Structures are given as structure tokens and as C-alpha cells.
>>> print(open('entry39.cif').read())   # mmCIF, C-alpha atoms and all ligand atoms
data_final
loop_
_atom_site.label_atom_id
_atom_site.label_comp_id
_atom_site.auth_asym_id
_atom_site.auth_seq_id
_atom_site.Cartn_x
_atom_site.Cartn_y
_atom_site.Cartn_z
CA MET A 62 -93.45 -64.46 -29.61
CA ASN A 63 -90.30 -65.23 -27.71
CA LEU A 64 -90.82 -63.63 -24.31
CA ARG A 65 -87.10 -63.32 -23.73
CA LEU A 66 -87.03 -60.75 -26.52
CA LEU A 67 -89.64 -58.56 -24.86
CA PRO A 68 -87.32 -56.37 -22.77
CA ALA A 69 -85.14 -55.74 -25.82
CA LEU A 70 -88.18 -54.85 -27.93
CA LEU A 71 -89.49 -52.55 -25.24
CA GLY A 72 -86.11 -50.89 -25.07
CA LEU A 73 -86.14 -50.33 -28.84
CA ALA A 74 -89.66 -48.90 -28.70
CA LEU A 75 -88.56 -46.51 -25.94
CA LEU A 76 -85.52 -45.49 -27.95
CA ALA A 77 -87.66 -44.85 -31.00
CA GLY A 78 -90.06 -42.84 -28.83
CA SER A 79 -87.35 -40.62 -27.45
CA ALA A 80 -85.80 -40.23 -30.90
CA ALA A 81 -89.12 -38.88 -32.14
CA ALA A 82 -89.22 -36.58 -29.13
CA GLN A 83 -85.75 -35.31 -29.98
CA GLU A 84 -86.36 -34.77 -33.68
CA VAL A 85 -86.36 -31.09 -34.61
CA ILE A 86 -89.44 -29.50 -36.10
CA LYS A 87 -88.51 -27.86 -39.38
CA ILE A 88 -90.26 -24.62 -40.24
CA GLY A 89 -89.71 -22.96 -43.61
CA GLU A 90 -89.54 -19.20 -44.07
CA PHE A 91 -89.50 -17.40 -47.42
CA ALA A 92 -88.60 -13.74 -47.38
CA SER A 93 -87.03 -10.96 -49.46
CA LEU A 94 -83.69 -10.66 -47.65
CA THR A 95 -82.15 -8.85 -50.65
CA GLY A 96 -83.41 -6.75 -53.58
CA GLY A 97 -85.88 -3.88 -53.78
CA ASN A 98 -87.92 -4.91 -50.73
CA ALA A 99 -85.05 -6.21 -48.59
CA SER A 100 -86.37 -4.30 -45.60
CA PHE A 101 -89.55 -6.43 -45.61
CA GLY A 102 -87.66 -9.73 -45.45
CA GLN A 103 -84.87 -8.67 -43.13
CA GLU A 104 -87.22 -7.23 -40.54
CA SER A 105 -89.82 -10.00 -40.66
CA HIS A 106 -86.98 -12.52 -40.39
CA LYS A 107 -85.60 -10.83 -37.27
CA GLY A 108 -88.97 -11.01 -35.53
CA THR A 109 -89.57 -14.61 -36.64
CA GLN A 110 -86.10 -15.76 -35.55
CA LEU A 111 -86.48 -14.04 -32.17
CA ALA A 112 -89.69 -15.99 -31.54
CA ILE A 113 -88.06 -19.30 -32.55
CA ASP A 114 -85.02 -18.61 -30.33
CA GLU A 115 -87.22 -17.76 -27.36
CA LEU A 116 -89.33 -20.89 -27.86
CA ASN A 117 -86.21 -23.06 -28.07
CA ALA A 118 -84.67 -21.43 -24.98
CA ALA A 119 -87.85 -22.39 -23.13
CA GLY A 120 -87.47 -26.06 -24.17
CA GLY A 121 -89.04 -26.01 -27.64
CA VAL A 122 -92.51 -27.27 -28.50
CA LEU A 123 -93.72 -30.68 -27.27
CA GLY A 124 -90.16 -31.23 -26.07
CA ARG A 125 -88.79 -30.78 -29.60
CA LYS A 126 -86.57 -27.96 -30.82
CA LEU A 127 -87.69 -25.79 -33.71
CA GLN A 128 -85.46 -25.15 -36.71
CA LEU A 129 -86.18 -22.16 -38.93
CA ILE A 130 -84.97 -22.71 -42.50
CA THR A 131 -84.96 -19.42 -44.39
CA GLU A 132 -84.89 -18.93 -48.15
CA ASP A 133 -84.23 -15.54 -49.78
CA ASP A 134 -86.59 -14.82 -52.70
CA GLN A 135 -84.55 -11.72 -53.58
CA SER A 136 -87.66 -9.54 -54.10
CA ALA A 137 -87.65 -11.02 -57.61
CA ALA A 138 -90.61 -12.42 -59.56
CA GLY A 139 -90.60 -16.22 -59.65
CA GLN A 140 -88.17 -16.68 -56.77
CA ALA A 141 -90.82 -17.11 -54.07
CA ALA A 142 -92.21 -20.13 -55.93
CA THR A 143 -88.73 -21.64 -56.20
CA ALA A 144 -88.08 -21.03 -52.50
CA VAL A 145 -91.33 -22.64 -51.38
CA GLN A 146 -90.81 -25.61 -53.70
CA LYS A 147 -87.36 -26.19 -52.22
CA LEU A 148 -88.51 -25.83 -48.61
CA ILE A 149 -91.26 -28.38 -49.11
CA ALA A 150 -89.55 -30.92 -51.38
CA GLN A 151 -85.99 -30.80 -50.10
CA ASP A 152 -86.14 -29.60 -46.50
CA LYS A 153 -89.47 -31.29 -45.75
CA VAL A 154 -90.72 -28.41 -43.60
CA VAL A 155 -93.97 -28.97 -41.70
CA ALA A 156 -95.22 -25.41 -42.20
CA LEU A 157 -94.29 -22.18 -43.96
CA LEU A 158 -94.01 -18.61 -42.68
CA GLY A 159 -94.07 -15.88 -45.36
CA GLU A 160 -94.21 -13.69 -47.32
CA VAL A 161 -94.59 -10.01 -46.57
CA ALA A 162 -95.41 -8.74 -50.09
CA SER A 163 -98.78 -10.02 -51.36
CA SER A 164 -97.51 -10.85 -54.88
CA LYS A 165 -94.86 -13.09 -53.30
CA SER A 166 -97.34 -14.84 -50.99
CA LEU A 167 -99.54 -15.40 -54.04
CA GLU A 168 -96.64 -17.21 -55.72
CA GLY A 169 -95.99 -19.47 -52.74
CA ALA A 170 -99.54 -20.16 -51.60
CA PRO A 171 -100.71 -22.46 -54.45
CA ILE A 172 -97.64 -24.66 -53.93
CA ALA A 173 -98.24 -24.88 -50.18
CA GLN A 174 -101.91 -25.63 -50.79
CA ARG A 175 -101.19 -28.35 -53.35
CA ASN A 176 -98.78 -30.05 -50.92
CA LYS A 177 -101.08 -29.51 -47.93
CA ILE A 178 -98.37 -27.67 -46.02
CA PRO A 179 -99.91 -24.96 -43.81
CA MET A 180 -98.66 -21.49 -44.65
CA ILE A 181 -99.04 -18.39 -42.47
CA SER A 182 -98.32 -15.02 -44.05
CA PRO A 183 -97.27 -12.50 -41.42
CA ALA A 184 -98.10 -9.39 -43.41
CA SER A 185 -99.69 -9.92 -46.84
CA THR A 186 -102.95 -7.98 -46.85
CA ASN A 187 -104.39 -8.71 -50.31
CA PRO A 188 -107.59 -10.81 -49.94
CA LYS A 189 -106.58 -13.26 -52.70
CA VAL A 190 -103.76 -14.70 -50.58
CA THR A 191 -105.95 -16.73 -48.19
CA GLU A 192 -108.57 -17.31 -50.90
CA THR A 193 -105.98 -19.65 -52.46
CA GLY A 194 -107.17 -22.45 -50.18
CA ASP A 195 -107.80 -23.84 -46.72
CA TYR A 196 -104.11 -24.34 -45.85
CA ILE A 197 -103.32 -20.62 -46.22
CA PHE A 198 -103.58 -18.23 -43.27
CA ARG A 199 -102.47 -14.76 -42.29
CA VAL A 200 -102.10 -12.94 -38.95
CA CYS A 201 -102.75 -9.43 -40.31
CA PHE A 202 -105.84 -7.53 -41.39
CA ILE A 203 -106.84 -7.37 -45.07
CA ASP A 204 -106.96 -4.53 -47.60
CA PRO A 205 -110.74 -4.03 -47.83
CA PHE A 206 -110.42 -2.93 -44.18
CA GLN A 207 -107.19 -0.98 -44.64
CA GLY A 208 -108.52 0.81 -47.74
CA THR A 209 -111.71 1.76 -45.93
CA VAL A 210 -109.74 3.06 -42.93
CA MET A 211 -107.77 5.44 -45.15
CA ALA A 212 -110.78 6.49 -47.23
CA LYS A 213 -112.70 7.36 -44.05
CA PHE A 214 -109.68 9.21 -42.75
CA ALA A 215 -109.41 11.29 -45.94
CA LEU A 216 -113.11 12.17 -45.76
CA SER A 217 -112.79 13.05 -42.05
CA LYS A 218 -110.12 15.58 -43.04
CA GLY A 219 -112.49 17.09 -45.59
CA TRP A 220 -110.34 15.85 -48.50
CA LYS A 221 -112.88 15.19 -51.24
CA LYS A 222 -110.63 15.32 -54.32
CA ILE A 223 -108.03 12.58 -54.40
CA ALA A 224 -105.45 11.63 -57.01
CA LEU A 225 -104.27 8.00 -57.17
CA LEU A 226 -100.77 6.78 -57.82
CA THR A 227 -100.64 2.97 -58.05
CA ASP A 228 -97.83 0.43 -58.53
CA VAL A 229 -99.23 -1.83 -61.27
CA LYS A 230 -96.58 -4.50 -60.57
CA GLN A 231 -97.92 -5.24 -57.07
CA ASP A 232 -101.21 -7.01 -56.33
CA TYR A 233 -101.09 -5.21 -52.99
CA SER A 234 -101.03 -1.75 -54.55
CA VAL A 235 -103.68 -2.42 -57.20
CA GLY A 236 -106.00 -4.04 -54.64
CA LEU A 237 -105.59 -1.39 -51.97
CA ALA A 238 -106.30 1.39 -54.49
CA GLU A 239 -109.46 -0.43 -55.54
CA PHE A 240 -110.77 -0.82 -51.97
CA PHE A 241 -109.94 2.79 -51.12
CA VAL A 242 -111.79 4.07 -54.19
CA LYS A 243 -114.83 1.92 -53.49
CA TYR A 244 -115.50 3.42 -50.08
CA PHE A 245 -114.29 6.91 -50.97
CA THR A 246 -116.46 7.41 -54.06
CA ALA A 247 -119.49 5.77 -52.42
CA ASN A 248 -119.25 8.38 -49.67
CA GLY A 249 -118.95 11.61 -51.61
CA GLY A 250 -115.30 11.60 -52.71
CA THR A 251 -114.02 12.03 -56.27
CA ILE A 252 -110.92 10.58 -57.93
CA VAL A 253 -109.49 13.46 -59.94
CA ARG A 254 -106.50 11.59 -61.45
CA ASP A 255 -105.46 7.95 -61.77
CA GLN A 256 -101.74 7.52 -62.44
CA LYS A 257 -99.61 4.35 -62.53
CA TYR A 258 -95.99 3.35 -62.04
CA SER A 259 -94.03 0.08 -61.77
CA SER A 260 -91.87 -1.28 -58.93
CA GLY A 261 -88.27 -0.31 -59.59
CA ASP A 262 -89.10 2.95 -61.41
CA LYS A 263 -86.94 5.90 -60.39
CA ASP A 264 -88.46 8.84 -62.25
CA PHE A 265 -92.03 9.77 -61.42
CA ARG A 266 -92.07 13.34 -62.76
CA ALA A 267 -94.48 12.70 -65.64
CA GLN A 268 -97.11 11.17 -63.32
CA LEU A 269 -96.58 13.83 -60.66
CA THR A 270 -96.93 16.66 -63.18
CA SER A 271 -100.29 15.22 -64.22
CA VAL A 272 -101.33 14.82 -60.56
CA LYS A 273 -100.38 18.39 -59.78
CA ALA A 274 -102.45 19.72 -62.69
CA ALA A 275 -105.56 18.11 -61.15
CA SER A 276 -105.07 20.07 -57.87
CA PRO A 277 -106.08 17.22 -55.54
CA ASP A 278 -106.68 17.73 -51.81
CA ALA A 279 -104.46 14.69 -51.20
CA VAL A 280 -102.75 11.88 -53.13
CA PHE A 281 -103.44 8.23 -52.29
CA LEU A 282 -100.20 6.31 -52.84
CA PRO A 283 -100.56 2.62 -51.88
CA GLY A 284 -96.96 1.74 -52.70
CA TYR A 285 -93.86 0.22 -51.14
CA TYR A 286 -91.37 2.34 -49.20
CA GLY A 287 -88.61 2.49 -51.86
CA GLU A 288 -90.70 4.14 -54.55
CA VAL A 289 -92.81 6.10 -52.03
CA ALA A 290 -89.73 7.91 -50.71
CA LEU A 291 -88.60 8.91 -54.22
CA ILE A 292 -92.12 10.01 -55.14
CA GLY A 293 -92.32 12.23 -52.05
CA LYS A 294 -89.04 13.91 -52.92
CA GLN A 295 -89.85 14.45 -56.60
CA ALA A 296 -93.35 15.74 -55.78
CA ARG A 297 -92.01 18.54 -53.61
CA LEU A 298 -89.39 19.49 -56.22
CA LEU A 299 -92.23 19.88 -58.74
CA GLY A 300 -94.18 22.05 -56.29
CA LEU A 301 -96.87 19.47 -55.56
CA THR A 302 -97.65 20.25 -51.92
CA ALA A 303 -100.76 18.11 -51.29
CA PRO A 304 -100.39 15.57 -48.46
CA PHE A 305 -99.83 11.92 -49.36
CA LEU A 306 -101.84 9.05 -47.92
CA GLY A 307 -100.67 5.46 -47.94
CA GLY A 308 -100.86 2.00 -46.40
CA ASP A 309 -98.64 -0.45 -44.56
CA GLY A 310 -96.31 -0.79 -47.55
CA TRP A 311 -94.76 2.54 -46.57
CA VAL A 312 -93.01 0.84 -43.68
CA GLY A 313 -89.37 0.29 -44.60
CA GLU A 314 -85.99 1.27 -43.26
CA SER A 315 -85.09 3.74 -46.00
CA LEU A 316 -88.43 5.60 -46.14
CA LEU A 317 -87.61 8.43 -43.75
CA PRO A 318 -83.92 8.95 -44.66
CA VAL A 319 -84.59 8.95 -48.42
CA ALA A 320 -87.78 11.03 -48.21
CA ALA A 321 -85.75 13.54 -46.18
CA GLY A 322 -88.69 15.49 -44.80
CA SER A 323 -90.65 15.50 -48.07
CA LEU A 324 -93.37 13.24 -46.60
CA ASP A 325 -93.99 15.40 -43.54
CA GLY A 326 -97.72 15.93 -43.13
CA SER A 327 -98.53 12.57 -44.77
CA PHE A 328 -100.56 9.78 -43.17
CA PHE A 329 -100.50 6.01 -43.60
CA SER A 330 -102.08 2.97 -42.01
CA ALA A 331 -100.01 0.26 -40.35
CA HIS A 332 -100.12 -2.73 -38.00
CA PHE A 333 -97.93 -1.79 -35.08
CA SER A 334 -96.38 1.09 -33.25
CA PRO A 335 -93.28 0.61 -31.07
CA ASP A 336 -94.73 3.47 -28.98
CA ASP A 337 -97.63 1.18 -27.97
CA THR A 338 -97.52 1.32 -24.16
CA ARG A 339 -98.81 -2.24 -23.55
CA PRO A 340 -96.21 -3.97 -21.32
CA ALA A 341 -95.95 -6.98 -23.69
CA VAL A 342 -95.04 -4.63 -26.55
CA GLN A 343 -92.54 -2.63 -24.51
CA ASP A 344 -90.94 -5.84 -23.30
CA PHE A 345 -90.66 -7.13 -26.88
CA VAL A 346 -89.10 -3.84 -27.99
CA ARG A 347 -86.47 -4.27 -25.23
CA ARG A 348 -85.66 -7.88 -26.16
CA PHE A 349 -85.51 -7.00 -29.85
CA ARG A 350 -83.16 -4.07 -29.20
CA ALA A 351 -80.92 -6.24 -27.04
CA LYS A 352 -80.58 -8.84 -29.81
CA TYR A 353 -80.43 -6.67 -32.93
CA LYS A 354 -79.46 -3.16 -31.73
CA SER A 355 -82.37 -1.71 -33.71
CA GLU A 356 -86.06 -0.88 -33.34
CA PRO A 357 -88.66 -3.45 -34.36
CA ASP A 358 -91.15 -2.37 -37.03
CA ASP A 359 -94.45 -3.83 -38.26
CA MET A 360 -92.87 -6.71 -40.14
CA ALA A 361 -90.77 -7.69 -37.10
CA ALA A 362 -93.82 -7.72 -34.82
CA LEU A 363 -95.95 -9.60 -37.37
CA GLY A 364 -93.15 -12.12 -38.01
CA TYR A 365 -92.95 -12.74 -34.27
CA ASP A 366 -96.73 -13.17 -34.00
CA SER A 367 -96.85 -15.59 -36.96
CA ALA A 368 -94.17 -17.86 -35.44
CA MET A 369 -95.84 -17.84 -32.00
CA ILE A 370 -99.21 -18.72 -33.51
CA LEU A 371 -97.67 -21.61 -35.43
CA ALA A 372 -95.90 -22.92 -32.31
CA ASP A 373 -99.10 -22.70 -30.30
CA ALA A 374 -100.96 -24.62 -33.01
CA ILE A 375 -98.30 -27.37 -33.11
CA LYS A 376 -98.72 -27.72 -29.35
CA ARG A 377 -102.52 -27.94 -29.60
CA ALA A 378 -102.29 -30.35 -32.55
CA GLY A 379 -100.05 -32.58 -30.45
CA GLY A 380 -97.61 -32.87 -33.35
CA THR A 381 -96.99 -31.88 -36.94
CA ASP A 382 -99.48 -34.01 -38.88
CA SER A 383 -100.47 -31.62 -41.67
CA ALA A 384 -104.26 -31.95 -41.45
CA LYS A 385 -104.24 -31.70 -37.65
CA LEU A 386 -101.88 -28.75 -37.76
CA ARG A 387 -104.09 -27.00 -40.32
CA ASP A 388 -107.12 -27.47 -38.08
CA ALA A 389 -105.24 -26.22 -35.02
CA ILE A 390 -104.09 -23.04 -36.84
CA ALA A 391 -107.65 -22.48 -38.06
CA ALA A 392 -108.85 -22.72 -34.44
CA THR A 393 -106.55 -19.89 -33.28
CA LYS A 394 -108.56 -17.76 -30.86
CA ASN A 395 -107.70 -14.72 -28.76
CA HIS A 396 -103.97 -15.11 -29.26
CA PRO A 397 -102.35 -12.21 -27.39
CA GLY A 398 -100.20 -10.89 -30.23
CA LEU A 399 -97.88 -7.89 -30.32
CA THR A 400 -100.00 -6.53 -33.17
CA GLY A 401 -103.25 -7.09 -31.29
CA VAL A 402 -105.47 -9.94 -30.21
CA ILE A 403 -105.56 -12.49 -33.03
CA THR A 404 -108.56 -14.69 -33.79
CA LEU A 405 -108.61 -16.37 -37.19
CA ASP A 406 -111.98 -16.19 -38.92
CA ALA A 407 -113.58 -18.71 -41.29
CA GLN A 408 -111.68 -17.11 -44.20
CA ARG A 409 -108.38 -17.63 -42.29
CA ASN A 410 -107.83 -13.90 -41.84
CA ALA A 411 -107.38 -11.85 -38.68
CA ALA A 412 -109.74 -8.98 -37.90
CA LYS A 413 -107.59 -6.46 -36.04
CA SER A 414 -107.19 -2.76 -35.46
CA ALA A 415 -105.07 -0.62 -37.75
CA VAL A 416 -102.99 2.30 -36.54
CA ILE A 417 -102.73 5.53 -38.50
CA LEU A 418 -99.32 7.14 -38.33
CA THR A 419 -98.26 10.54 -39.53
CA ILE A 420 -94.80 11.86 -40.37
CA ARG A 421 -93.68 14.98 -38.55
CA ASN A 422 -90.17 16.47 -38.52
CA GLY A 423 -88.99 13.41 -40.42
CA ALA A 424 -90.23 10.96 -37.76
CA TYR A 425 -93.29 8.74 -37.30
CA LYS A 426 -95.96 9.92 -34.87
CA PHE A 427 -98.91 7.85 -33.71
CA GLN A 428 -102.17 9.45 -34.87
CA GLU A 429 -104.97 7.07 -33.96
CA SER A 430 -106.04 3.45 -33.75
CA VAL A 431 -109.01 2.20 -35.78
CA ALA A 432 -110.93 -0.91 -34.73
CA PRO A 433 -112.48 -3.19 -37.37
N1 LIG B 1 -99.30 -5.55 -46.72
C1 LIG B 1 -98.24 -5.51 -47.68
C2 LIG B 1 -98.59 -6.45 -48.83
O1 LIG B 1 -99.52 -7.17 -48.76
C3 LIG B 1 -96.91 -5.90 -47.09
C4 LIG B 1 -96.43 -5.13 -45.88
C5 LIG B 1 -96.92 -5.40 -44.61
C6 LIG B 1 -95.48 -4.17 -46.00
C7 LIG B 1 -96.45 -4.72 -43.49
C8 LIG B 1 -95.01 -3.47 -44.90
C9 LIG B 1 -95.51 -3.74 -43.63
O2 LIG B 1 -97.94 -6.50 -49.83
#
>>> encode(input="entry39.cif", output="C-alpha cells")
Amino acid sequence: MNLRLLPALLGLALLAGSAAAQEVIKIGEFASLTGGNASFGQESHKGTQLAIDELNAAGGVLGRKLQLITEDDQSAAGQAATAVQKLIAQDKVVALLGEVASSKSLEGAPIAQRNKIPMISPASTNPKVTETGDYIFRVCFIDPFQGTVMAKFALSKGWKKIALLTDVKQDYSVGLAEFFVKYFTANGGTIVRDQKYSSGDKDFRAQLTSVKAASPDAVFLPGYYGEVALIGKQARLLGLTAPFLGGDGWVGESLLPVAAGSLDGSFFSAHFSPDDTRPAVQDFVRRFRAKYKSEPDDMAALGYDSAMILADAIKRAGGTDSAKLRDAIAATKNHPGLTGVITLDAQRNAAKSAVILTIRNGAYKFQESVAP
């Protein structure tokens, strides 16, 4: 080798090194920014973006800036698959954050798995999501836990006769109903009616008339906020006065305004309460308000946690190599999240506390926290 070329070669190598250091890290996000579940995507996106902005303001990760590339799946069947395909093939993202709704995560997960691109769902609670494969993670609890929490709660209230109202279009709803029933009936409860509806329905009077005729102590309604609010309203108009019970899918911007008091006295399980007095939570609430002029909800907090866990894993992996990044995410331990301390188990799920909220005078009130 010509020694006179050495300094020039060294210079090139240095240049290449710093170019790699400068290169942005592309992270893909798929979310329902529009359509029936727009609240899920808009709120999770706000939390995720806030985390990315804060990381970049602090110098990025491994000296590289993060770029969040967001695709809207429009709350529509099939669109999550298209979004994930595009993010992987065209944008060449190193990891994926999404989705909130389980059915949407279940569309994206097999594509991420096939391409060995790590995916972290912030909020999908159906067990099947992470069962897709070893590249799929979540930072929230799962529905066997959530269903048990609400079944125990119903029994603790002395509610032994429950009617079910399930959204057959959502894996989340069907699964959560199943897990609730399993614990509830094994512990002395009876299901006195089992009624179904589909996402997007507007008229629930036939189902509610049947539910009312069964005189349940309470109605378990594991649905999403849009339909839940309409169901609450129509139930009261029909004279069905039993309390409703639900899960995290109740969380959505329009729930309280549309329900207009009709869900007072109801209870549902969730991931996060902005009333949590932990300083880290109160500080997040302040930063979120300053940026968006609104209150963060569960999806915002979970979105934030998912992005922070990914960034921490990239740091520990020393880069974005997909197998190393997968291993680093899998090794996540005692991450101090806004939604609790997050340790990922061998099934790539997080075992965390749930909060039970009630609705009183048209506002959420913290009821209790339930540890796994
Ligand atoms: N857990 C719900 C699902 O799996 C999504 C959700 C999470 C909705 C948090 C609201 C708040 O579909």
C-alpha cells in the first residue's frame, strides 16, 4: 500500500464515521389519526412525538437524531398492514411503534415479524398481539389481567348477574369479554344475557331492550369510546339503569361529552390517571399541557413510554442492528414509565397495575389501583 495515501484514507474513514454518527434513526409509527378511533391515534401520537422531541433536544440517541415517520391507518380494516409495509419497505425504519387497537396491531405485527423489524405496541392488550412472534412487544398489561380485574371488581360490589355487550368487529372486545367471563363465572357469577354489536353501529336499542329484560346487576361493555357513549345514552332513554363496566377502550376524547352524564356510576379499568401524584407524572402532565394545550390520557402516556423504551434499547444495543435491538428491547427491566415500572417478561408483555376509574358528575374519578 502506498503510505502517502494513508492520511487521505484515514481522513475518509473519519468522514464516513462521522457521517454514520450524523445519520438520523428512522422510527415508524402507525396510528389511527382519522376515522372512528381517531382519538386513539391522535393522543398516542402526541405522547410519542413529545418523547422523540425531548430525546432530540437532549442530543438524540448515540449522538444521532431520531426521526418519527407517522402513517395514518384511518381506523380502517387493511390500512394498518399497508402502513407498516410502507414504513418498512420505503422508509426503511429500524423499529415500529403502534398500534393502539388490538385488531390493528394484529394486522401490522406479522409484517414486522417477517421483516425482523422490532415493533412495540403502546396499548394493544389482546394476548395474540405479542404471540405473533419474538420481534413483537408491548408496554401495557394484557386482557387476561384486565378482564380478571373487572370481574373481581364486579363480584366485590356484589354484582352476580351480568349482561354482556360485545363488539364482534374488535379482537380486543371479544377477547376481553372472554377473560372477564372466565373469572366471573368460575367465582360464582352468572351471565344473564350475551348481546353483540359491530364497530360503527349507531342504534343499540334492540340489544339494550334484551339486556334490560334480563334485569342484570351490571352490564359488562368492553367496547371503544365512540360506541360506548352512544350505548350509555340509549340505555338510559330505554330505562336501563344498571351500571356499566368496561375496560381501557372507554378512554377517548368524546366519551364524556357524548355520554352526557349517562355513564355516571359506571366503572372501567385503565392504564394511567393524570391525577397520579408521582412527580414524574405531574411533570409530564405539565410538559404535555405546555406543548398541546390539552390533558394527556392513557394513550399519550403509553405512547411516551413506548418511545422511551425503544430509545433506551437502541442505546443499550449500541446501534440499530435488528437482532441486537430486538434483544435489547427484550431485556427491558425496571424502566420507570409514566404508566408504571415496566419490565418485559419472556412473552414480551409488561406486568403492571391497572387503575379503576369511575364516572361521577360527568368526570373521571380515580377509584383504586390493582396490582398484578
Ligand atoms: N387496549 C385496547 C386494545 O387493545 C386499546 C386501548 C388502549 C384503548 C388504551 C384505549 C386506551 O384494543
>>> residues_around(input="entry39.cif", residues="Phe333 (chain A)", least_positions_apart="6", cutoff="10 Å", atoms="all atoms listed in the file", output="ChimeraX atom specification")
/A:309,342,357-363,399-401,414-418,427,430
>>> residues_near_ligand(input="entry39.cif", ligand="ligand LIG 1 (chain B)", cutoff="10 Å", atoms="all atoms listed in the file", output="VMD selection string")
chain A and resid 98 100 to 102 104 to 105 160 to 167 182 to 188 190 201 to 204 207 231 to 234 236 to 237 283 to 286 308 to 313 330 to 333 358 to 364
>>> closest_atom_pairs(input="entry39.cif", of="region 153-242 of chain A", to="region 247-255 of chain A", cutoff="7 Å", atoms="only C-alpha atoms", output="CSV")
residue,atom,partner,partner_atom,distance
A:Lys221,CA,A:Gly250,CA,4.6
A:Lys222,CA,A:Thr251,CA,5.1
A:Ile223,CA,A:Ile252,CA,5.0
A:Ala224,CA,A:Arg254,CA,4.6
A:Leu225,CA,A:Asp255,CA,4.8
A:Leu226,CA,A:Asp255,CA,6.2
>>> residues_around(input="entry39.cif", residues="Leu269 (chain A)", least_positions_apart="3", cutoff="9 Å", atoms="only C-alpha atoms", output="PyMOL selection string")
chain A and resi 226+256+265-266+272-274+292+295-296+299+301
>>> residues_near_point(input="entry39.cif", point="(-104.5, 13.9, -50.4)", cutoff="10 Å", atoms="only C-alpha atoms", output="ChimeraX atom specification")
/A:215-216,218-225,276-282,302-307,327-328
>>> closest_atom_pairs(input="entry39.cif", of="region 70-134 of chain A", to="region 350-356 of chain A", cutoff="10 Å", atoms="all atoms listed in the file", output="Markdown table")
| residue | atom | partner | partner_atom | distance |
| --- | --- | --- | --- | --- |
| A:Glu104 | CA | A:Glu356 | CA | 9.7 |
| A:Lys107 | CA | A:Tyr353 | CA | 7.9 |
| A:Gly108 | CA | A:Tyr353 | CA | 9.9 |
| A:Leu111 | CA | A:Lys352 | CA | 8.2 |
